[in-house]
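Chemist: Would you mind keeping the following structure in view while I ask a few things?
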Amino acid sequence: MSLLAFSLFMLTGLVGIPLAHALIVGSLVALETYDVGSTSIILEQMVTQASSFPLLAIPFFILTGSVMLHGALGQHLLGMLTSLLGRVHGGPGQVSVMSSTLFGGLSGSAVADAAALGPLLIPWQKRLGYPAAFSAATLASAATIDILIPPSIPFILYALTANASIAALFVAGVLPGLLLCAGFMLVCYVSGRLRGFPRDTQPFVWKVFVRQLIFALPALILPICILVLLRFGIATPTEVSVLAAFLALMFSWLIYRDLTWKRLVESITEAGIASGVVLLLIMASSVLGWIFTYEQLPEKVVEWMHTYVTSPGMIILAMNLLMLALGMVIDLSAAILLLAPILLPLAVSIGMDPIQLGVMMVVNLAIGLYTPPVGTTLFITSSVASVGIGKVVRELVPFYAVALLVLALVSYFPAATITHFF
């Protein structure tokens with residue numbers, strides 16, 4: 001039954017049916033075919049899954065990012081980074097990487113990052129004389145740093161599925177995110193130096209830089225506040241999300257003075273639509289999860305792996321290969337919701353911490369966001385740059401190498417998640 005449900009889900013998803021609907025179709029057909037109880041199980045599971053209080057954090061974090069990304073803050077932050085990095089080798093590319101890292105503390109979504117920064121950064125880099133494919137590749141890969149820097153929507157989804165601590169996941173994702181940032185910036189520097197990429201020629205003016213830094217401080221402080229509030233138990237993730245949304249509105253209204261009624265309505269609408277997509281996906285995946293549990297699939301996977309693969313290191317490699325393969329054809333959120341219930345018992349059986357598994361899963365599946373055939377950030381940045389997917393993928397090769405190196409560190413060295421230092 002699990003095989004039938006999953007196969008139908010993959011088939012309907014590949015032909016273009018929205019993933020949430022594909023999950024429901026696959027599960028419904030499987031339940032009807034094997035006559036397992038009543039189809040009311042579908043409604044029961046969907047309603048139960050949607051009743052989780054921490055889910056409220058998702059729309060408020062999305063609203064925070066929407067309000068701050070599309071306002072004056074984004075312009076000040078990009079101006080500050082351009083003044084700081086624009087004149088070094090590969091500087092314009094490094095601006096893309098650092099912008100994604102800092103915007104990660106606002107949006108928590110790689111797709112939102114690529115969609116918001118692409119129209120700003122890629123045309124600017126092309127005017128400087130940067131290869132369009134390299135500009136698209138840099139932002140497509142760097143945008144995925146967003147989902148490791150708190151607040152992270154994928155971490156919230158994993159926490160709900162694996163019954164893990166959202167606060168611990170937020171803290172654990174910081175070091176891998178910074179490692180990716182440093183690695184991607186190094187790729188930009190080396191590429192710029194070896195290939196003679198142009199640099200920004202505008203002179204550095206301290207007065208302008210300090211002014212931009214002051215106006216960009218909310219973007220720099222907000223992620224730190226989120227970590228402190230969660231790490232020391234001062235507030236729950238849902239309370240932190242509401243506070244972040246409130247501060248974003250206050251910053252836009254009182255400091256930047258760019259919050260109009262029109263932009264407020266647009267931000268709320270955008271957050272509502274994005275949250276609805278995620279929530280429907282969560283509800284739909286719960287039905288397939290029930291089928292997996294009914295057939296004891298997680299237990300069977302653990303038993304099979306320990307029968308044929310005895311080394312914990314090889315089991316970790318097998319988990320990573322499975323996630324890399326599925327991450328290229330399934331949306332990241334759906335992959336987390338489907339894989340977490342199956343891989344968590346297997347990880348625990350070899351002594352892996354569930355928090356480490358969560359970080360490993362997000363780092364792994366993030367690579368699929370800029371890998372064909374279903375690379376969301378890859379398609380967004382390629383479209384903005386007006387360049388072919390094949391050319392962008394060739395420029396992505398060194399970025400893939402960095403991402404796989406960080407994935408290996410997270411997978412085999414638990415200390416790569418800074419949870420262990422607290």
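Residue numbering restarts at 1 in every chain; chains get A, B, ... in the order shown in the structure tokens, and ligands count up from 1 in that same order.
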Could you pull out the alpha helix (DSSP H) residues of range 112-361 of chain A from DSSP and send them as a count of residues only?

Modeler: 195

Chemist: List as a VMD selection string the protein and nucleic acid residues near Asp200 in chain A, meaning an atom at most 12 Å away when only C-alpha atoms are counted, but skip any in the same chain fewer than 2 places from it.

Modeler: chain A and resid 79 81 to 95 124 to 130 197 to 198 202 to 204

Chemist: Using N, CA and C atoms, can you write the selected residues to a file as a short mmCIF file (atom, residue, chain, number, x, y, z; two decimals), in the first residue's frame?

Modeler:
```cif
data_model
loop_
_atom_site.label_atom_id
_atom_site.label_comp_id
_atom_site.auth_asym_id
_atom_site.auth_seq_id
_atom_site.Cartn_x
_atom_site.Cartn_y
_atom_site.Cartn_z
N GLY A 79 23.10 48.21 -0.18
CA GLY A 79 24.05 49.31 -0.33
C GLY A 79 25.23 49.16 0.61
N LEU A 81 26.44 46.31 1.86
CA LEU A 81 27.28 45.19 1.43
C LEU A 81 28.06 45.55 0.16
N THR A 82 27.45 46.32 -0.72
CA THR A 82 28.16 46.74 -1.93
C THR A 82 29.34 47.64 -1.58
N SER A 83 29.14 48.57 -0.64
CA SER A 83 30.24 49.44 -0.20
C SER A 83 31.36 48.63 0.43
N LEU A 84 30.99 47.57 1.16
CA LEU A 84 31.96 46.78 1.91
C LEU A 84 32.72 45.80 1.02
N LEU A 85 32.02 45.16 0.07
CA LEU A 85 32.60 44.04 -0.67
C LEU A 85 32.77 44.30 -2.16
N GLY A 86 32.16 45.33 -2.69
CA GLY A 86 32.08 45.51 -4.13
C GLY A 86 33.42 45.65 -4.83
N ARG A 87 34.46 46.13 -4.11
CA ARG A 87 35.73 46.40 -4.78
C ARG A 87 36.73 45.24 -4.70
N VAL A 88 36.43 44.16 -3.98
CA VAL A 88 37.35 43.03 -3.89
C VAL A 88 37.10 42.08 -5.06
N HIS A 89 38.03 41.13 -5.27
CA HIS A 89 37.85 40.16 -6.34
C HIS A 89 36.58 39.33 -6.09
N GLY A 90 35.73 39.26 -7.10
CA GLY A 90 34.47 38.53 -6.95
C GLY A 90 33.51 39.21 -6.00
N GLY A 91 33.74 40.50 -5.73
CA GLY A 91 32.93 41.23 -4.75
C GLY A 91 31.44 41.24 -5.04
N PRO A 92 31.03 41.58 -6.27
CA PRO A 92 29.59 41.57 -6.56
C PRO A 92 28.94 40.21 -6.30
N GLY A 93 29.65 39.13 -6.60
CA GLY A 93 29.12 37.80 -6.29
C GLY A 93 29.04 37.57 -4.79
N GLN A 94 30.05 38.05 -4.06
CA GLN A 94 30.04 37.92 -2.60
C GLN A 94 28.89 38.72 -1.98
N VAL A 95 28.52 39.82 -2.63
CA VAL A 95 27.36 40.58 -2.15
C VAL A 95 26.11 39.72 -2.19
N TRP A 124 22.25 44.30 -11.87
CA TRP A 124 23.39 45.13 -11.46
C TRP A 124 24.71 44.45 -11.82
N GLN A 125 24.81 43.16 -11.55
CA GLN A 125 26.05 42.44 -11.87
C GLN A 125 26.27 42.35 -13.38
N LYS A 126 25.20 42.18 -14.13
CA LYS A 126 25.33 42.14 -15.59
C LYS A 126 25.80 43.50 -16.13
N ARG A 127 25.32 44.60 -15.54
CA ARG A 127 25.77 45.92 -15.97
C ARG A 127 27.26 46.12 -15.70
N LEU A 128 27.76 45.50 -14.62
CA LEU A 128 29.18 45.58 -14.31
C LEU A 128 30.02 44.76 -15.27
N GLY A 129 29.40 43.84 -15.99
CA GLY A 129 30.13 42.99 -16.92
C GLY A 129 30.28 41.56 -16.45
N TYR A 130 29.54 41.18 -15.40
CA TYR A 130 29.60 39.80 -14.89
C TYR A 130 28.91 38.85 -15.88
N PHE A 197 36.95 38.85 -13.32
CA PHE A 197 35.64 39.49 -13.27
C PHE A 197 35.78 40.96 -12.87
N PRO A 198 34.95 41.83 -13.41
CA PRO A 198 35.00 43.26 -13.05
C PRO A 198 34.54 43.48 -11.62
N GLN A 202 33.03 52.33 -7.70
CA GLN A 202 32.64 53.48 -6.89
C GLN A 202 33.54 53.59 -5.66
N PRO A 203 33.97 54.79 -5.31
CA PRO A 203 34.86 54.97 -4.15
C PRO A 203 34.14 54.66 -2.84
N PHE A 204 34.92 54.21 -1.87
CA PHE A 204 34.37 53.90 -0.55
C PHE A 204 34.24 55.20 0.25
#
```

Chemist: Have a look at A:Ala164, A:Val15, A:Ala415, A:Ile380 and name the one nearest to Ile122 in chain A; count only C-alpha atoms.

Modeler: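 Closest candidate: A:Ile380.
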
Chemist: His306 in chain A: which residues within 10 Å, counting only C-alpha atoms, same-chain residues fewer than 4 positions away excluded, as a list in words?

Modeler: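 My reading of the contact set: Lys300, Val301, Val302, Thr310, Ser311, Pro312, Ile315, Leu346, Ser349 and Ile350 of chain A.
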
Chemist: Under the rule that only C-alpha atoms are counted, which of A:Val392, A:Leu73, A:Met98, A:Val210 is the nearest residue to Leu180 in chain A?

Modeler: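 Once distances to Leu180 in chain A are computed over only C-alpha atoms, the minimum belongs to A:Met98.
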
Chemist: Give me, as a tab-separated table, each residue of range 184-280 of chain A that comes within 10 Å of range 398-411 of chain A, together with its shortest interatomic pair and the distance in Å at one decimal, counting only C-alpha atoms, with rows ordered by chain and rising residue number.

Modeler:
```
residue	atom	partner	partner_atom	distance
A:Phe184	CA	A:Phe399	CA	6.3
A:Met185	CA	A:Phe399	CA	9.7
A:Leu186	CA	A:Val402	CA	9.5
A:Val187	CA	A:Pro398	CA	6.7
A:Cys188	CA	A:Phe399	CA	9.3
A:Ser191	CA	A:Pro398	CA	9.5
```

Chemist: How about saving the chosen residues, N, CA and C atoms kept, as an mmCIF file, in the first residue's frame?

Modeler:
```cif
data_model
loop_
_atom_site.group_PDB
_atom_site.id
_atom_site.type_symbol
_atom_site.label_atom_id
_atom_site.label_comp_id
_atom_site.auth_asym_id
_atom_site.auth_seq_id
_atom_site.Cartn_x
_atom_site.Cartn_y
_atom_site.Cartn_z
ATOM 1 N N PHE A 184 30.928 29.686 -0.237
ATOM 2 C CA PHE A 184 30.434 30.309 -1.466
ATOM 3 C C PHE A 184 31.175 31.626 -1.753
ATOM 4 N N MET A 185 31.478 32.383 -0.688
ATOM 5 C CA MET A 185 32.230 33.626 -0.892
ATOM 6 C C MET A 185 33.641 33.328 -1.400
ATOM 7 N N LEU A 186 34.232 32.240 -0.919
ATOM 8 C CA LEU A 186 35.557 31.841 -1.408
ATOM 9 C C LEU A 186 35.497 31.472 -2.887
ATOM 10 N N VAL A 187 34.449 30.765 -3.299
ATOM 11 C CA VAL A 187 34.276 30.435 -4.718
ATOM 12 C C VAL A 187 34.198 31.712 -5.546
ATOM 13 N N CYS A 188 33.442 32.699 -5.065
ATOM 14 C CA CYS A 188 33.311 33.970 -5.793
ATOM 15 C C CYS A 188 34.656 34.684 -5.889
ATOM 16 N N SER A 191 37.015 32.675 -8.290
ATOM 17 C CA SER A 191 36.526 32.809 -9.665
ATOM 18 C C SER A 191 36.799 34.217 -10.196
#
```

Chemist: Can you work out the spacing between CA of Leu279 in chain A and CA of Pro59 in chain A in Å, to one decimal?

Modeler: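 Separation between CA of Leu279 in chain A and CA of Pro59 in chain A: 9.6 Å.
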
Chemist: Excluding Met250 in chain A and any residue of its chain fewer than 5 positions from it, enumerate the residues within 9 Å of it, using only C-alpha atoms, and give them as a ChimeraX atom specification.

Modeler: /A:245,255,259

Chemist: Could you take the residues named above and write them with C-alpha atoms, as a compact mmCIF listing (two decimals), in the first residue's frame?

Modeler:
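Output file result-v8.txt is given in full below:
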```txt
# COMPACT_ATOMS: atom_id res chain seq x y z
CA ALA A 245 6.30 40.36 12.71
CA ILE A 255 12.10 54.03 11.04
CA LEU A 259 4.81 51.06 5.16
```

Chemist: Give the answer as one residue: which of A:Thr417, A:Thr260, A:Ser267, A:Thr377 has the shortest atom-to-atom distance to Asp146 in chain A, using only C-alpha atoms?

Modeler: A:Thr377

Chemist: Report as CSV: every residue of range 124-238 of chain A with an atom at most 9 Å from range 318-335 of chain A, its closest pair of atoms, and their distance in Å to one decimal, counting only C-alpha atoms, with rows sorted by chain and ascending residue number.

Modeler:
```
residue,atom,partner,partner_atom,distance
A:Ile153,CA,A:Ser333,CA,8.6
A:Pro154,CA,A:Ser333,CA,6.3
A:Leu157,CA,A:Ser333,CA,7.3
A:Tyr158,CA,A:Ser333,CA,8.8
```

Chemist: Leaving out Met68 in chain A and any residue of its chain fewer than 4 positions from it, which residues lie within 8 Å of it when counting only C-alpha atoms, given as a PyMOL selection string?

Modeler: chain A and resi 64+72-74+106+248+252

Chemist: Looking at only C-alpha atoms, which of A:Gly118, A:Pro345, A:Gly65, A:Gly351 is the one that sits closest to Leu249 in chain A?

Modeler: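 Among the listed residues, the smallest separation from Leu249 in chain A belongs to A:Gly65.
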
Chemist: Do a neighbour search on range 113-117 of chain A at 12 Å with only C-alpha atoms, toss out local chain neighbours closer than 6 positions, and write the hits as a VMD selection string.

Modeler: chain A and resid 62 65 to 71 74 to 75 77 to 78 95 to 107 123 to 125 135 to 147 369 to 370 375 to 385

Chemist: Name the closest residue to Met46 in chain A among the candidates A:Ser27, A:Thr33, A:Ser152, A:Ser241; distances are taken between atoms, counting only C-alpha atoms.

Modeler: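 Among the listed residues, A:Ser27 lies closest to Met46 in chain A.
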
Chemist: Select, from A:Ile226, A:Ala182, A:Ala162, A:Leu280, the residue with the minimum atom-to-atom distance to Val348 in chain A, counting only C-alpha atoms.

Modeler: A:Ala162

Chemist: In Å, with one decimal, what is the gap from CA of Gly183 in chain A to CA of Leu148 in chain A?

Modeler: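 It comes out at 14.6 Å.
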
Chemist: Quick one: everything within 8 Å of Ala5 in chain A, counting only C-alpha atoms, minus sequence neighbours fewer than 5 positions away in the same chain. Send it as a CSV table (one decimal) with C-alpha atoms, in the first residue's frame.

Modeler:
```csv
chain,number,residue,atom,x,y,z
A,23,LEU,CA,-0.3,13.3,-2.0
A,26,GLY,CA,-2.0,8.8,-4.0
A,27,SER,CA,-3.2,8.2,-0.4
A,28,LEU,CA,-6.9,8.0,-1.3
A,29,VAL,CA,-6.3,5.5,-4.2
A,30,ALA,CA,-4.1,3.3,-1.9
A,288,LEU,CA,0.7,9.3,3.6
```

Chemist: Calculate how many Å separate CA of Gly388 in chain A from CA of Ala132 in chain A, rounding to one decimal.

Modeler: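 Taking CA of Gly388 in chain A and CA of Ala132 in chain A, their separation equals 9.7 Å.
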